[in-house]
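Chemist: Just so it is clear, I am handing over final.txt, which has compact mmCIF, C-alpha atoms.
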# COMPACT_ATOMS: atom_id res chain seq x y z
CA MET B 1 102.96 159.25 131.66
CA GLN B 2 100.90 162.46 131.55
CA THR B 3 103.15 165.21 132.88
CA VAL B 4 102.51 168.88 133.65
CA ALA B 5 104.17 171.68 135.58
CA ILE B 6 101.97 173.60 138.02
CA CYS B 7 102.95 177.21 138.73
CA GLY B 8 101.59 180.17 140.65
CA PRO B 9 100.04 181.08 144.00
CA GLY B 10 98.12 178.04 145.26
CA ALA B 11 100.11 175.52 143.18
CA ASP B 12 100.79 173.37 146.26
CA ALA B 13 97.17 173.17 147.35
CA LEU B 14 95.98 172.52 143.79
CA THR B 15 98.57 169.74 143.45
CA ALA B 16 97.22 168.04 146.59
CA ARG B 17 93.71 168.08 145.08
CA LEU B 18 94.98 166.76 141.74
CA VAL B 19 96.88 163.92 143.41
CA ALA B 20 93.54 162.81 144.87
CA ALA B 21 91.59 163.32 141.63
CA LEU B 22 93.93 161.78 139.03
CA PRO B 23 93.50 158.07 138.32
CA GLY B 24 96.40 155.62 138.56
CA ARG B 25 99.78 156.28 140.12
CA VAL B 26 100.79 159.92 140.57
CA GLY B 27 104.33 161.24 141.12
CA VAL B 28 105.15 164.75 142.38
CA VAL B 29 108.43 166.64 141.98
CA ARG B 30 108.87 169.72 144.19
CA GLN B 31 111.45 172.45 144.52
CA VAL B 32 112.92 172.57 148.03
CA ALA B 33 114.44 175.82 149.26
CA GLU B 34 118.24 175.71 149.54
CA ASP B 35 118.26 176.63 153.22
CA GLY B 36 116.48 173.58 154.51
CA GLY B 37 113.88 170.93 153.94
CA PRO B 38 113.97 167.26 154.76
CA ALA B 39 116.08 166.33 151.73
CA SER B 40 119.20 168.29 152.64
CA ALA B 41 118.92 167.47 156.35
CA SER B 42 119.03 163.71 155.87
CA ARG B 43 121.77 163.42 153.27
CA PRO B 44 124.99 161.75 154.35
CA ALA B 45 127.95 163.71 153.02
CA SER B 46 129.87 160.70 151.73
CA ALA B 47 127.41 159.06 149.35
CA ASP B 48 126.37 160.29 145.91
CA THR B 49 122.99 158.64 146.23
CA THR B 50 121.29 157.25 149.32
CA TYR B 51 118.14 155.13 149.54
CA ARG B 52 116.55 154.61 152.95
CA LEU B 53 113.96 151.85 153.18
CA ASP B 54 111.49 151.30 155.96
CA ALA B 55 108.56 148.89 156.19
CA ASP B 56 106.42 150.46 153.47
CA ARG B 57 108.09 153.61 152.06
CA TRP B 58 111.42 154.51 150.54
CA HIS B 59 113.24 157.83 150.79
CA ALA B 60 116.08 158.85 148.52
CA THR B 61 118.57 161.66 148.18
CA GLY B 62 121.12 162.24 145.49
CA ASP B 63 123.41 164.78 143.90
CA ASP B 64 123.08 166.72 140.64
CA PRO B 65 119.32 167.30 140.92
CA SER B 66 117.45 167.92 137.69
CA LEU B 67 113.73 168.02 137.00
CA ARG B 68 114.12 166.03 133.82
CA ASP B 69 116.04 163.23 135.58
CA ALA B 70 113.40 163.07 138.31
CA ILE B 71 110.56 162.83 135.80
CA GLU B 72 112.44 160.21 133.78
CA ARG B 73 112.70 158.10 136.95
CA LEU B 74 108.95 158.39 137.53
CA ALA B 75 107.98 157.55 133.93
CA PRO B 76 108.25 153.72 133.98
CA ASP B 77 105.76 153.16 136.81
CA HIS B 78 103.55 156.25 137.08
CA ASP B 79 100.53 157.37 135.09
CA HIS B 80 100.90 161.05 135.98
CA ALA B 81 103.67 163.39 137.14
CA LEU B 82 103.19 166.88 138.57
CA ALA B 83 106.17 169.28 138.73
CA VAL B 84 105.28 171.91 141.30
CA GLU B 85 106.60 175.47 140.87
CA PHE B 86 109.04 174.67 138.09
CA THR B 87 108.89 177.45 135.52
CA GLY B 88 110.55 177.29 132.14
CA ALA B 89 110.69 173.52 132.45
CA ASP B 90 109.59 172.91 128.84
CA LEU B 91 106.59 170.97 130.16
CA PRO B 92 102.92 171.68 129.47
CA THR B 93 102.07 174.06 132.30
CA VAL B 94 99.03 174.80 134.48
CA ALA B 95 99.01 178.46 135.56
CA VAL B 96 97.34 179.12 138.92
CA GLY B 97 96.01 182.42 140.29
CA GLY B 98 96.92 184.64 137.34
CA ALA B 99 100.52 183.41 137.03
CA ASP B 100 102.13 183.97 133.63
CA PRO B 101 104.83 181.28 133.36
CA PRO B 102 106.98 180.89 130.24
CA GLY B 103 106.34 177.95 127.93
CA THR B 104 103.13 176.27 126.86
CA VAL B 105 100.24 177.02 129.23
CA VAL B 106 97.61 174.30 128.77
CA ALA B 107 95.23 175.52 131.47
CA GLU B 108 94.65 178.61 133.60
CA VAL B 109 93.04 178.07 136.99
CA ALA B 110 91.65 180.96 139.07
CA ASP B 111 92.80 179.56 142.41
CA ALA B 112 93.53 176.34 144.28
CA ASP B 113 89.82 175.81 145.06
CA ALA B 114 88.65 175.76 141.43
CA PRO B 115 86.91 172.57 140.19
CA VAL B 116 89.50 170.07 138.90
CA ASP B 117 87.35 167.96 136.52
CA ASP B 118 88.26 169.96 133.42
CA LEU B 119 91.87 170.12 134.55
CA VAL B 120 92.04 166.34 134.90
CA ALA B 121 90.68 166.02 131.33
CA THR B 122 93.29 168.51 130.08
CA ILE B 123 96.11 166.60 131.77
CA GLU B 124 94.92 163.31 130.25
CA ASP B 125 95.14 165.02 126.84
CA VAL B 126 98.68 166.46 126.88
CA GLU B 127 101.40 164.74 124.87
CA PRO B 128 102.70 161.96 127.12
CA PHE B 129 106.22 162.01 128.52
CA GLU B 130 107.90 158.75 127.52
CA THR B 131 111.37 157.28 127.81
CA VAL B 132 112.74 154.03 126.48
CA GLU B 133 112.40 152.67 130.02
CA SER B 134 108.75 153.72 130.32
CA LEU B 135 107.88 152.06 127.01
CA VAL B 136 109.77 148.88 127.95
CA ALA B 137 107.88 148.82 131.28
CA GLU B 138 104.61 149.28 129.40
CA VAL B 139 105.15 146.38 126.98
CA LYS B 140 106.23 144.15 129.87
CA ARG B 141 102.77 144.68 131.37
CA ALA B 142 101.09 143.34 128.19
CA PRO B 143 98.87 140.26 128.45
CA ASP B 144 101.22 138.23 126.23
CA ALA B 145 104.38 139.22 128.10
CA HIS B 146 104.76 135.73 129.59
CA ARG B 147 105.32 134.40 126.05
CA SER B 148 108.02 136.97 125.24
CA GLY B 149 111.69 136.13 125.46
CA ALA B 150 112.95 139.29 123.74
CA ILE B 151 112.57 143.05 123.84
CA ALA B 152 114.33 145.12 121.18
CA THR B 153 114.49 148.90 121.36
CA PHE B 154 115.64 151.69 119.07
CA THR B 155 116.42 155.16 120.39
CA GLY B 156 117.00 158.02 117.95
CA ARG B 157 118.86 160.97 119.47
CA VAL B 158 120.18 164.40 118.51
CA ARG B 159 123.65 163.97 117.03
CA ALA B 160 125.88 167.01 117.54
CA GLN B 161 128.34 166.03 114.79
CA ASP B 162 128.37 163.39 112.07
CA ASP B 163 131.95 164.22 111.10
CA PRO B 164 134.59 165.73 113.43
CA ASP B 165 134.79 168.85 111.20
CA ASP B 166 131.04 169.51 111.20
CA ASP B 167 129.53 172.55 112.87
CA ARG B 168 127.94 171.29 116.06
CA THR B 169 124.18 170.85 116.00
CA GLN B 170 122.72 172.79 118.93
CA TYR B 171 119.17 171.50 118.70
CA LEU B 172 116.53 170.04 116.44
CA GLU B 173 113.00 171.36 116.33
CA PHE B 174 110.22 168.98 115.31
CA GLU B 175 106.79 169.89 114.00
CA LYS B 176 104.08 167.22 113.74
CA TYR B 177 100.78 167.03 111.85
CA GLU B 178 99.33 165.79 115.12
CA ALA B 179 96.15 163.94 114.18
CA VAL B 180 97.56 162.25 111.08
CA ALA B 181 100.88 161.44 112.78
CA ALA B 182 99.09 159.77 115.69
CA ASP B 183 96.89 157.73 113.33
CA ARG B 184 99.83 156.59 111.22
CA MET B 185 101.91 155.63 114.24
CA ARG B 186 99.02 153.58 115.65
CA THR B 187 98.62 151.91 112.22
CA ILE B 188 102.32 150.99 112.12
CA GLU B 189 102.14 149.61 115.67
CA THR B 190 99.07 147.53 114.86
CA GLU B 191 100.40 146.15 111.58
CA LEU B 192 103.79 145.21 113.02
CA ALA B 193 102.18 143.58 116.06
CA GLU B 194 100.18 141.32 113.71
CA ARG B 195 103.42 139.56 112.71
CA GLU B 196 103.93 136.03 113.93
CA GLY B 197 105.84 136.08 117.20
CA VAL B 198 105.46 139.84 117.77
CA PHE B 199 103.25 140.78 120.73
CA GLU B 200 103.55 144.52 121.29
CA VAL B 201 105.02 147.46 119.36
CA ARG B 202 105.23 151.01 120.74
CA LEU B 203 106.39 154.09 118.84
CA HIS B 204 106.91 157.50 120.41
CA HIS B 205 108.30 160.69 118.84
CA ARG B 206 108.87 163.91 120.80
CA THR B 207 108.09 167.31 119.28
CA GLY B 208 109.32 170.83 119.91
CA VAL B 209 112.92 171.80 120.62
CA ILE B 210 115.26 168.91 121.51
CA PRO B 211 118.87 169.83 122.43
CA ASP B 212 121.86 167.82 121.26
CA GLY B 213 122.36 164.61 123.20
CA GLU B 214 118.69 164.18 124.09
CA ASP B 215 116.47 161.39 122.83
CA ILE B 216 113.98 162.05 120.02
CA VAL B 217 112.23 158.84 119.09
CA PHE B 218 111.72 155.36 120.52
CA VAL B 219 110.63 152.05 119.04
CA VAL B 220 110.04 149.18 121.46
CA VAL B 221 109.13 145.64 120.41
CA LEU B 222 108.03 142.78 122.65
CA ALA B 223 108.53 139.51 120.79
CA GLY B 224 108.86 135.81 121.30
CA HIS B 225 112.45 135.57 120.04
CA ARG B 226 115.29 137.89 119.09
CA GLU B 227 115.02 137.44 115.29
CA GLU B 228 111.54 138.93 114.97
CA ALA B 229 112.33 141.51 117.66
CA PHE B 230 115.35 142.85 115.70
CA ARG B 231 113.57 142.79 112.32
CA THR B 232 110.48 144.51 113.67
CA VAL B 233 112.33 147.26 115.54
CA GLU B 234 114.23 148.12 112.34
CA ASP B 235 111.07 148.09 110.21
CA GLY B 236 109.32 150.19 112.85
CA ILE B 237 111.81 153.07 112.75
CA ASN B 238 112.08 152.88 108.95
CA ARG B 239 108.32 153.05 108.50
CA LEU B 240 108.04 155.90 111.03
CA LYS B 241 110.66 157.91 109.12
CA ASP B 242 108.91 157.25 105.77
CA GLU B 243 105.24 157.52 106.65
CA VAL B 244 104.64 159.82 109.62
CA PRO B 245 104.17 163.56 108.95
CA ILE B 246 106.89 165.00 111.18
CA PHE B 247 109.24 167.78 110.04
CA LYS B 248 112.72 168.48 111.34
CA LYS B 249 114.50 171.83 111.52
CA GLU B 250 118.18 171.74 112.41
CA VAL B 251 119.99 174.55 114.18
CA THR B 252 123.80 174.38 114.12
CA GLU B 253 126.38 176.88 115.34
CA ALA B 254 126.42 178.33 111.82
CA GLU B 255 122.95 178.01 110.32
CA THR B 256 119.29 176.96 110.51
CA PHE B 257 117.64 174.76 107.88
CA TRP B 258 114.82 172.29 107.22
CA VAL B 259 116.43 168.87 107.00
CA HIS B 260 114.30 167.72 104.03
CA GLU B 261 115.77 170.57 101.95
CA ARG B 262 119.28 169.14 102.36
CA GLU B 263 118.52 165.48 101.59
CA MET X 1 87.50 175.09 104.20
CA GLU X 2 90.76 175.31 106.08
CA TRP X 3 94.18 174.34 104.78
CA ARG X 4 96.93 173.22 107.13
CA LEU X 5 100.49 174.08 106.08
CA PHE X 6 103.66 172.65 107.58
CA ALA X 7 107.41 173.32 107.83
CA ASN X 8 108.83 175.61 105.13
CA LEU X 9 105.41 175.96 103.46
CA ALA X 10 104.00 177.46 106.67
CA GLU X 11 107.03 179.75 106.92
CA THR X 12 106.60 180.93 103.33
CA ALA X 13 102.91 181.70 103.84
CA GLY X 14 103.55 183.16 107.31
CA THR X 15 100.78 181.00 108.78
CA LYS X 16 100.00 177.36 109.56
CA ARG X 17 96.28 177.62 108.83
CA VAL X 18 94.60 179.29 105.84
CA GLU X 19 90.82 179.68 105.58
CA VAL X 20 89.66 179.71 101.94
CA ALA X 21 86.25 180.37 100.36
CA ALA X 22 85.38 176.77 99.47
CA GLU X 23 82.38 174.87 100.77
CA PRO X 24 81.27 171.24 100.92
CA GLY X 25 80.25 170.37 97.35
CA ASP X 26 83.12 172.40 95.86
CA THR X 27 86.07 170.47 94.47
CA PHE X 28 89.51 169.90 95.89
CA GLY X 29 90.88 171.79 92.85
CA GLU X 30 88.79 174.86 93.72
CA ALA X 31 90.04 174.83 97.31
CA PHE X 32 93.61 174.40 96.03
CA ASP X 33 93.29 177.31 93.55
CA ARG X 34 91.94 179.55 96.31
CA LEU X 35 94.84 178.67 98.57
CA LEU X 36 97.27 179.79 95.85
CA GLU X 37 95.22 182.95 95.18
CA THR X 38 95.32 183.80 98.88
CA HIS X 39 99.05 183.01 99.17
CA PRO X 40 100.62 183.34 95.69
CA GLU X 41 104.06 183.17 97.33
CA LEU X 42 103.44 179.42 97.80
CA ARG X 43 103.21 178.87 94.03
CA GLU X 44 106.92 178.47 93.41
CA GLU X 45 107.41 175.97 96.24
CA ILE X 46 104.37 173.88 95.36
CA LEU X 47 104.13 173.96 91.57
CA ASP X 48 106.70 173.03 88.91
CA GLU X 49 107.20 174.93 85.64
CA ASP X 50 104.24 173.07 84.04
CA GLY X 51 101.90 174.09 86.86
CA ASP X 52 101.77 170.57 88.33
CA ILE X 53 102.24 169.85 92.01
CA ARG X 54 105.92 169.11 92.57
CA ASP X 55 106.75 165.44 93.12
CA HIS X 56 108.04 165.96 96.63
CA ILE X 57 105.04 167.96 97.88
CA ARG X 58 102.55 165.87 99.84
CA VAL X 59 98.83 166.58 99.63
CA LEU X 60 96.31 165.16 102.07
CA ARG X 61 92.54 165.26 102.28
CA ASN X 62 91.90 163.85 105.72
CA ASP X 63 94.35 160.94 106.02
CA SER X 64 94.86 160.19 102.33
CA ASN X 65 96.10 161.58 99.05
CA PRO X 66 93.12 162.65 96.90
CA PHE X 67 95.17 161.96 93.75
CA VAL X 68 95.57 158.32 94.84
CA VAL X 69 92.30 157.38 96.55
CA ASP X 70 89.83 159.99 95.22
CA ASP X 71 89.36 161.93 91.97
CA GLY X 72 92.32 164.31 92.26
CA TYR X 73 91.37 167.92 91.57
CA ASP X 74 87.78 166.81 90.88
CA THR X 75 87.34 165.27 94.35
CA VAL X 76 84.17 166.71 95.89
CA LEU X 77 84.78 168.13 99.35
CA GLU X 78 82.67 167.18 102.33
CA ALA X 79 81.93 169.04 105.54
CA ASP X 80 84.80 168.91 108.09
CA ASP X 81 87.37 167.78 105.52
CA ASP X 82 90.95 168.46 106.63
CA LEU X 83 93.17 169.68 103.81
CA ALA X 84 96.94 169.73 104.22
CA LEU X 85 100.09 170.44 102.22
CA PHE X 86 103.56 169.58 103.38
CA PRO X 87 107.12 168.85 102.23
CA PRO X 88 108.83 165.45 102.50
CA VAL X 89 108.60 164.07 106.03
CA SER X 90 111.81 164.02 108.08
CA GLY X 91 111.01 162.55 111.49
CA GLY X 92 113.41 160.49 113.57
Mind turning the file's structure into C-alpha cells?

Modeler:
Amino acid sequence: MQTVAICGPGADALTARLVAALPGRVGVVRQVAEDGGPASASRPASADTTYRLDADRWHATGDDPSLRDAIERLAPDHDHALAVEFTGADLPTVAVGGADPPGTVVAEVADADAPVDDLVATIEDVEPFETVESLVAEVKRAPDAHRSGAIATFTGRVRAQDDPDDDRTQYLEFEKYEAVAADRMRTIETELAEREGVFEVRLHHRTGVIPDGEDIVFVVVLAGHREEAFRTVEDGINRLKDEVPIFKKEVTEAETFWVHERE
Amino acid sequence: MEWRLFANLAETAGTKRVEVAAEPGDTFGEAFDRLLETHPELREEILDEDGDIRDHIRVLRNDSNPFVVDDGYDTVLEADDDLALFPPVSGG
C-alpha cells in the first residue's frame, strides 16, 4: 500500500483531488479536533470499539487512536493511504503551500490546485507500507490461491533484550542499497516460487528507524501444503539475511554500533 | 564514475557517494585506486596488511562482484556502471 502524509494549507482539498486521481482503493486518515467531530459525538461510552453497519457503509469508533494502527488496518485491502495533517508521522510526506514538516518530504506542492499527475507518480514510487496481514491478503489474491492449503509467515521484530541482563535496545536503524536490495529480493521470491507446490513468495524489509517491539521484516509463502510452506518461509528469511544488502545499526541504552561489527 | 558507500564505510568517509576521476574504458582498479586516494581514511577498513581487499568487504559493479564474474581489477568500466563497497550485510 502506497502511503504518504499530506501537510500544510490546502492539504484537505489536495487530498480530495488525490482520492479521485489515484487508481485502486484509497484510504484516508484524518485528525479530528478534540472538541467535536462526528467520531466523538457517536461513540457510546461503554464500548471500547463500536462498528455501525448500514446498507452499504460501515462506521467505526474506538479507543487508543494511533495513526500507525489506522494505517495498518487499511493496508490489507487498500492500494493507497493518505494521512492528512499528520506531521512527524515518519511517513513520506507531501508538503503543501510552503509547509516545512519534519521527516522525509517527497514532494512540495504550491497549493491545492496544482496538477496532481506528477504527485500521483511520486506516490506510486514511495516505499510501500506493508504488514504481515497486507502480504497475506496479497498472496490470497494470487491466481493459484484456490490450490493453496497453507500460508506460512515469518515476522522479524526489534528485540529489546536477548538476555534479562542486557541493556535494552531502543531502536534499530536500517540502511539499504535500494536498487540492488530490490533486485535480490525479487530474485529470491521468484526462485522460491519455482519450487514444486509453492505458489507465491513475498519478502518485505522496512528501512529507517524502527523502535523496539515493532516489526522489521516479513516473509509470506502461499503453498499447497504445510511442509513446503514451512521450508520455504525458513529458506526465504535465511536467504534475505545472507544475500540482500541491508545494514543494521543498533542503539541501546548504553551504546550505538553496527551489528556486523559485533558478529 | 561514482562510488556508493554504505554503513560504517560511509561514516568513515563522511559521505555515501564519492565521484572519482574515472571514465568508461578505465579499469575497475583505477576507479578503486582513485576512491582510496580521495578518501585515504577508508584504506584501513577496506584493505588488509598485504593491500588486498579484506575478506568481509563486499564489492559490487552493478549487481555482481567483478572479482567473480568479470576480470577483477582489470574489469573495463562501462558508462552508467554503479560501483559500491559495503561491509557484511545484516538485514532482518

Chemist: List every residue of chain X that has an atom at most 12 Å from any atom of chain B, giving for each one its closest atom pair and the distance in Å to one decimal, counting only C-alpha atoms, sorted by chain and then by ascending residue number, as a Markdown table.

Modeler:
| residue | atom | partner | partner_atom | distance |
| --- | --- | --- | --- | --- |
| X:Arg4 | CA | B:Tyr177 | CA | 8.7 |
| X:Leu5 | CA | B:Tyr177 | CA | 9.1 |
| X:Phe6 | CA | B:Tyr177 | CA | 7.6 |
| X:Ala7 | CA | B:Phe247 | CA | 6.2 |
| X:Asn8 | CA | B:Trp258 | CA | 7.2 |
| X:Leu9 | CA | B:Trp258 | CA | 10.8 |
| X:Ala10 | CA | B:Glu175 | CA | 10.9 |
| X:Glu11 | CA | B:Trp258 | CA | 10.8 |
| X:Lys16 | CA | B:Tyr177 | CA | 10.6 |
| X:Arg17 | CA | B:Tyr177 | CA | 11.9 |
| X:Glu45 | CA | B:Glu261 | CA | 11.5 |
| X:His56 | CA | B:His260 | CA | 9.9 |
| X:Ile57 | CA | B:His260 | CA | 11.1 |
| X:Arg58 | CA | B:Pro245 | CA | 9.5 |
| X:Val59 | CA | B:Pro245 | CA | 11.2 |
| X:Leu60 | CA | B:Val180 | CA | 9.6 |
| X:Arg61 | CA | B:Val180 | CA | 10.6 |
| X:Asn62 | CA | B:Val180 | CA | 8.0 |
| X:Asp63 | CA | B:Val180 | CA | 6.1 |
| X:Ser64 | CA | B:Val180 | CA | 9.4 |
| X:Asp82 | CA | B:Val180 | CA | 10.1 |
| X:Leu83 | CA | B:Val180 | CA | 11.3 |
| X:Ala84 | CA | B:Tyr177 | CA | 9.0 |
| X:Leu85 | CA | B:Tyr177 | CA | 10.2 |
| X:Phe86 | CA | B:Pro245 | CA | 8.2 |
| X:Pro87 | CA | B:His260 | CA | 7.5 |
| X:Pro88 | CA | B:His260 | CA | 6.1 |
| X:Val89 | CA | B:Pro245 | CA | 5.3 |
| X:Ser90 | CA | B:Phe247 | CA | 5.0 |
| X:Gly91 | CA | B:Ile246 | CA | 4.8 |
| X:Gly92 | CA | B:Lys241 | CA | 5.8 |

Chemist: Could you save the residues just selected, with C-alpha atoms, as a PDB file, in the frame of the given file?

Modeler:
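Okay, part-v9.pdb is ready:
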ATOM      1  CA  ARG X   4      96.930 173.220 107.130  1.00  0.00           C
ATOM      2  CA  LEU X   5     100.490 174.080 106.080  1.00  0.00           C
ATOM      3  CA  PHE X   6     103.660 172.650 107.580  1.00  0.00           C
ATOM      4  CA  ALA X   7     107.410 173.320 107.830  1.00  0.00           C
ATOM      5  CA  ASN X   8     108.830 175.610 105.130  1.00  0.00           C
ATOM      6  CA  LEU X   9     105.410 175.960 103.460  1.00  0.00           C
ATOM      7  CA  ALA X  10     104.000 177.460 106.670  1.00  0.00           C
ATOM      8  CA  GLU X  11     107.030 179.750 106.920  1.00  0.00           C
ATOM      9  CA  LYS X  16     100.000 177.360 109.560  1.00  0.00           C
ATOM     10  CA  ARG X  17      96.280 177.620 108.830  1.00  0.00           C
ATOM     11  CA  GLU X  45     107.410 175.970  96.240  1.00  0.00           C
ATOM     12  CA  HIS X  56     108.040 165.960  96.630  1.00  0.00           C
ATOM     13  CA  ILE X  57     105.040 167.960  97.880  1.00  0.00           C
ATOM     14  CA  ARG X  58     102.550 165.870  99.840  1.00  0.00           C
ATOM     15  CA  VAL X  59      98.830 166.580  99.630  1.00  0.00           C
ATOM     16  CA  LEU X  60      96.310 165.160 102.070  1.00  0.00           C
ATOM     17  CA  ARG X  61      92.540 165.260 102.280  1.00  0.00           C
ATOM     18  CA  ASN X  62      91.900 163.850 105.720  1.00  0.00           C
ATOM     19  CA  ASP X  63      94.350 160.940 106.020  1.00  0.00           C
ATOM     20  CA  SER X  64      94.860 160.190 102.330  1.00  0.00           C
ATOM     21  CA  ASP X  82      90.950 168.460 106.630  1.00  0.00           C
ATOM     22  CA  LEU X  83      93.170 169.680 103.810  1.00  0.00           C
ATOM     23  CA  ALA X  84      96.940 169.730 104.220  1.00  0.00           C
ATOM     24  CA  LEU X  85     100.090 170.440 102.220  1.00  0.00           C
ATOM     25  CA  PHE X  86     103.560 169.580 103.380  1.00  0.00           C
ATOM     26  CA  PRO X  87     107.120 168.850 102.230  1.00  0.00           C
ATOM     27  CA  PRO X  88     108.830 165.450 102.500  1.00  0.00           C
ATOM     28  CA  VAL X  89     108.600 164.070 106.030  1.00  0.00           C
ATOM     29  CA  SER X  90     111.810 164.020 108.080  1.00  0.00           C
ATOM     30  CA  GLY X  91     111.010 162.550 111.490  1.00  0.00           C
ATOM     31  CA  GLY X  92     113.410 160.490 113.570  1.00  0.00           C
TER      32      GLY X  92
END

Chemist: Do you know which residues are at most 10 Å from Gly25 (chain X) counting only C-alpha atoms, after dropping those on the same chain fewer than 2 positions away, and could you put them as a list in words?

Modeler: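 These residues fall inside the cut-off: Ala22, Glu23, Thr27, Phe28, Thr75, Val76, Leu77, Glu78 and Ala79 of chain X.
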
Chemist: For CA of Gly236 (chain B) and CA of Asp77 (chain B), quote the distance in Å rounded to one decimal.

Modeler: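 Straight-line distance from CA of Gly236 (chain B) to CA of Asp77 (chain B) works out to 24.4 Å.
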
Chemist: Residues within 7 Å of Ala13 (chain X), please, as a short mmCIF file (atom, residue, chain, number, x, y, z; two decimals) with C-alpha atoms, in the coordinates of the input. Count all atoms listed in the file; anything in the same chain fewer than 6 positions from it doesn't count.

Modeler:
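Heads up, here's the output in result.cif:
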data_model
loop_
_atom_site.label_atom_id
_atom_site.label_comp_id
_atom_site.auth_asym_id
_atom_site.auth_seq_id
_atom_site.Cartn_x
_atom_site.Cartn_y
_atom_site.Cartn_z
CA HIS X 39 99.05 183.01 99.17
CA GLU X 41 104.06 183.17 97.33
CA LEU X 42 103.44 179.42 97.80
#

Chemist: Padding 4 Å on every side, please: axis-aligned box over the listed atoms of region 11-15 of chain B, centre and edge lengths to one decimal in Å, as lines of an AutoDock Vina configuration file.

Modeler:
center_x = 98.4
center_y = 172.6
center_z = 145.3
size_x = 12.8
size_y = 13.8
size_z = 12.2
